[in-house]
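Asks: Dropping a structure here in C-alpha cells format, bear with me for questions.
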Amino acid sequence: MELDEQVGRILAYGEICDHCLGRFFGKRSFGLLNEDRGHGLRVAHALGENTPYRAHEGSCWICHGLFDDLGSWAARVVEALSGIEHATFLIGTRVPPLMAESEELVWSDLGLTGPEPLKSEMNREVGKLVAGVTGKVADLAHPDVVAILDLAAGSVGIEITPLFFRGRYRKLERGIPQTRWPCRACGGAGCERCGFTGKMYPDSVEELIGRTAAGAFQAADAVLHGAGREDIDARMLGSGRPFVMEIVAPRVRAVDLPSLEGEVNRAAAGRVGISIHGWATRDEVETLKSEKAHKKYRISVEVEGGIARNELETALDRLRGAVIAQRTPARVVHRRADRIRERRVVDARVAGLEDGIFFLDVVGEAGLYVKELVSGDGGRTQPSLAGILGRPARVIQLDVLEVEGREERR
Ligand SMILES: [Zn+2]
Ligand SMILES: [Zn+2]
C-alpha cells in the first residue's frame with residue numbers, strides 16, 4: 001500500500017490529531033516531530049486528492065487530546081521531583097489499555113512497518129519539556145529518578161533509584177544480630193513479648209549503620225548486605241566483614257562518604273565500627289553474597305574433665321586440613337534445609353591459655369560451622385574435636401577475627 005493510501009485509510013477511522021497521525025510513520029525520515037509528520041501528511045493528502053485542506057479539530061480518537069496537555073504533564077513531573085536531588089531522570093508512561101489497543105488496531109489493519117508507540121512519544125516530549133525547566137539530563141540507562149505518568153489516574157509517581165556504598169564493619173559487642181530480626185511471636189506487627197517493637201532485638205548492625213545513613217541520605221530505608229554473617233553472640237573483629245549498604249529511595253545523593261563514616265562511628269561507638277571504601281552498584285551485592293571467603297575465628301573451648309595442651313594439639317593436628325562433613329546444625333535446621341556440606345579446616349592451632357580455658361584460632365572455608373566443629377553436634381559433624389577426644393567439648397565464646405575479601409585477593 002502506498003503512503004498516501006495509508007494516510008487516507010487512517011483519516012477514515014475518525015478525527016485524529018497530527019501527533020497521532022504522524023506517529024504511525026514515526027520511524028520514517030529524521031529530524032521531524034511526529035506533529036510535523038502528521039501535518040505534512042495531511043497537507044500532502046489534500047493535495048493528492050485535490051480536496052479542501054482541513055486541520056485537525058475536536059477530540060482525537062486515539063489520544064483524546066493528550067498531546068495538548070504536554071505542558072501540564074511536564075509541570076506535574078517538575079512538581080513531583082521538587083526536593084529530590086537528581087542529576088538525571090527518565091520519564092515512563094502507563095498507557096490505558098484501550099488507548100494502546102486503538103493504535104495497535106491500525107498498525108495491524110494497515111500492516112504498518114514503522115510506527116512509534118504513543119508511550120515513547122509521550123516519554124520523549126514530556127522529557128524535553130522537563131529538561132527545559134529543570135536543566136537536568138534525561139538518561140535512559142541509569143537515571144537517578146524515574147517519573148511515571150499514569151494517564152488514567154492523571155497522576156505522576158516517582159521512583160528514586162537506590163544508592164549503594166561498600167565497606168567493612170566490626171561488631172564490638174555480643175548479642176547484636178547482623179540484620180533486623182522480626183519478633184517470632186508477632187512476626188513484626190508488635191506485641192507484648194517484643195515490647196511492641198516488632199523485633200527480637202532492639203538493635204542490629206544494619207540499624208546501627210543504617211539509622212545514620214538513612215538520615216544523611218534522607219532515605220526511606222537502609223538495607224545491609226553482608227558477605228556472610230556471624231552468630232549473634234559472636235563479635236566481628238580484625239579488619240571487619242565486607243558489606244554493601246543499599247540506600248532505598250534517597251532524596252539526597254551527594255553525601256560525603258568519609259563524613260558519613262565518621263558520623264556512623266560516633267553514633268554506634270563501642271558497638272559497631274565501619275570503614276567505607278566507596279560507592280558500589282547493585283551487581284556488587286550479588287558478587288558479595290556469592291564470595292567464598294575464608295574466615296578466621298578465635299574461640300575459647302571447654303573440654304569436659306579438662307585437657308592437657310599436648311593432647312589438644314595432637315587433636316588439632318588431625319583437624320588441620322581435614323574435610324569436615326557437616327549436617328545442617330541442630331540449632332539452625334528449623335530454618336534451613338537439612339543436608340550435608342563438606343568444608344575444609346584450613347588451619348587450627350592453640351592461640352593461648354587463660355584460667356584453664358584454651359583459646360584456639362581456626363581458619364575455615366566459607367560455610368564451616370565452627371561451634372559444631374568443636375562439639376560434634378551429636379554426631380552430625382564428622383570429624384569433630386569432641387569426637388577425636390572422645391569426650392564432650394564446646395565453644396564458650398567466639399569471635400570472627402578476619403573475613404578475607406576481594407581487596408586482599410587482588
Ligand atoms: Zn491524538
Ligand atoms: Zn512481637
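Ordering of the C-alpha cells sets the chain letters (A, B, ...); residue numbers start at 1 within each chain; ligands are numbered from 1 in the order shown.
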Residues of chain A that approach ligand 1 to 7 Å or less, counting only C-alpha atoms and all ligand atoms: could you list each one with the shortest pair of atoms and its distance in Å to one decimal, rows by chain and increasing residue number, as JSON lines?

Replies:
```
{"residue": "A:Ile16", "atom": "CA", "partner": "ligand 1", "partner_atom_place_in_ligand_line": "1 (Zn)", "distance": 5.5}
{"residue": "A:Cys17", "atom": "CA", "partner": "ligand 1", "partner_atom_place_in_ligand_line": "1 (Zn)", "distance": 4.3}
{"residue": "A:Asp18", "atom": "CA", "partner": "ligand 1", "partner_atom_place_in_ligand_line": "1 (Zn)", "distance": 6.7}
{"residue": "A:His19", "atom": "CA", "partner": "ligand 1", "partner_atom_place_in_ligand_line": "1 (Zn)", "distance": 5.6}
{"residue": "A:Cys20", "atom": "CA", "partner": "ligand 1", "partner_atom_place_in_ligand_line": "1 (Zn)", "distance": 4.3}
{"residue": "A:Cys60", "atom": "CA", "partner": "ligand 1", "partner_atom_place_in_ligand_line": "1 (Zn)", "distance": 4.6}
{"residue": "A:Trp61", "atom": "CA", "partner": "ligand 1", "partner_atom_place_in_ligand_line": "1 (Zn)", "distance": 6.7}
{"residue": "A:Ile62", "atom": "CA", "partner": "ligand 1", "partner_atom_place_in_ligand_line": "1 (Zn)", "distance": 5.2}
{"residue": "A:Cys63", "atom": "CA", "partner": "ligand 1", "partner_atom_place_in_ligand_line": "1 (Zn)", "distance": 4.1}
{"residue": "A:His64", "atom": "CA", "partner": "ligand 1", "partner_atom_place_in_ligand_line": "1 (Zn)", "distance": 6.0}
{"residue": "A:Gly65", "atom": "CA", "partner": "ligand 1", "partner_atom_place_in_ligand_line": "1 (Zn)", "distance": 5.7}
{"residue": "A:Leu66", "atom": "CA", "partner": "ligand 1", "partner_atom_place_in_ligand_line": "1 (Zn)", "distance": 6.6}
{"residue": "A:Phe67", "atom": "CA", "partner": "ligand 1", "partner_atom_place_in_ligand_line": "1 (Zn)", "distance": 6.6}
```

Asks: Find the residues near Lys289 in chain A: any atom within 8 Å, counting only C-alpha atoms, skip ones fewer than 4 places away on the same chain, and give them as a list in words.

Replies: His225, Gly226, Ala227, Gly228 and Val285 of chain A

Asks: 6 Å from ligand 2 is the threshold here; counting only C-alpha atoms and all ligand atoms, which polymer residues fall inside it? Answer as JSON, numbers by chain.

Replies: {"A": [183, 185, 186, 188, 190, 191, 193, 194, 196, 198]}

Asks: Show me a table, sorted first by chain and then by increasing residue number, of the residues of range 56-147 of chain A having an atom at most 12 Å from range 209-221 of chain A, each with its shortest atom pair and the distance in Å to one decimal, counting only C-alpha atoms and written as a Markdown table.

Replies:
```
| residue | atom | partner | partner_atom | distance |
| --- | --- | --- | --- | --- |
| A:Gly83 | CA | A:Gln218 | CA | 10.7 |
| A:Ile84 | CA | A:Gln218 | CA | 9.6 |
| A:Glu85 | CA | A:Phe217 | CA | 9.9 |
```

Asks: Given the choices A:Asp399, A:Glu313, A:Glu291, A:Glu342, which gets closest to Leu385 in chain A if the distance is worked out from only C-alpha atoms?

Replies: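 Distance minimum relative to Leu385 in chain A lands on A:Glu313.
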
Asks: Please determine, counting only C-alpha atoms, which residue among A:Ala189, A:Leu3, A:Ala87, A:Val146 has the shortest atom-to-atom distance to Gly48 in chain A.

Replies: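 Of all the options, A:Leu3 lies closest to Gly48 in chain A.
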
Asks: Compile the contact shell of Lys128 in chain A as a list in words: residues with an atom at most 12 Å away, counting only C-alpha atoms, same-chain residues fewer than 6 positions apart removed.

Replies: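 Here the qualifying residues turn out to be Leu70, Gly71, Trp73, Ala74, Ala75, Val77, Val78, Phe89, Leu90, Ile91, Glu121, Met122, Thr134, Gly135, Lys136, Val137, Ala138 and Asp139 of chain A.
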
Asks: Considering only C-alpha atoms, state which residue in the set A:Val350, A:Ala267, A:Ala254, A:Val301 is at the smallest distance from Ala386 in chain A.

Replies: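 Of all the options, A:Val301 lies closest to Ala386 in chain A.
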
Asks: Within 8 Å of Glu173 in chain A, counting only C-alpha atoms, which residues show up once you throw out same-chain ones fewer than 6 positions away? Write them as an mmCIF file with N, CA and C atoms, in the first residue's frame, please.

Replies:
```
data_model
loop_
_atom_site.group_PDB
_atom_site.id
_atom_site.type_symbol
_atom_site.label_atom_id
_atom_site.label_comp_id
_atom_site.auth_asym_id
_atom_site.auth_seq_id
_atom_site.Cartn_x
_atom_site.Cartn_y
_atom_site.Cartn_z
ATOM 1 N N ARG A 235 31.483 -11.737 68.213
ATOM 2 C CA ARG A 235 31.906 -10.419 67.751
ATOM 3 C C ARG A 235 32.537 -10.555 66.367
ATOM 4 N N GLY A 270 31.538 1.915 70.250
ATOM 5 C CA GLY A 270 31.650 0.816 71.195
ATOM 6 C C GLY A 270 30.828 -0.401 70.812
ATOM 7 N N ARG A 271 29.953 -0.236 69.829
ATOM 8 C CA ARG A 271 29.089 -1.352 69.440
ATOM 9 C C ARG A 271 29.431 -1.825 68.026
ATOM 10 N N VAL A 272 29.452 -0.893 67.095
ATOM 11 C CA VAL A 272 29.769 -1.212 65.702
ATOM 12 C C VAL A 272 30.684 -0.125 65.171
#
```

Asks: Report the residues of range 153-349 of chain A whose backbone DSSP state falls under alpha helix (DSSP H), written as a VMD selection string.

Replies: chain A and resid 205 to 216 257 to 267 282 to 290 309 to 319

Asks: Would you mind telling me which residue in A:Gly238, A:Pro329, A:Gly273, A:Gly356 lies nearest to Ala308 in chain A when using only C-alpha atoms?

Replies: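 So, comparing all the options, the nearest one is A:Gly356.
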
Asks: With a distance cut-off of 9 Å and only C-alpha atoms, select the neighbouring residues of Phe25 in chain A, excluding the residue or stretch itself and same-chain residues fewer than 4 positions from it, and output the selection as number ranges by chain.

Replies: A: 21, 29, 34, 37-38, 112-116

Asks: Could you list, as a PyMOL selection string, every residue within 12 Å of Asp283 in chain A, counting only C-alpha atoms and ignoring same-chain residues fewer than 5 positions away?

Replies: chain A and resi 163-166+225+244+246+288-290
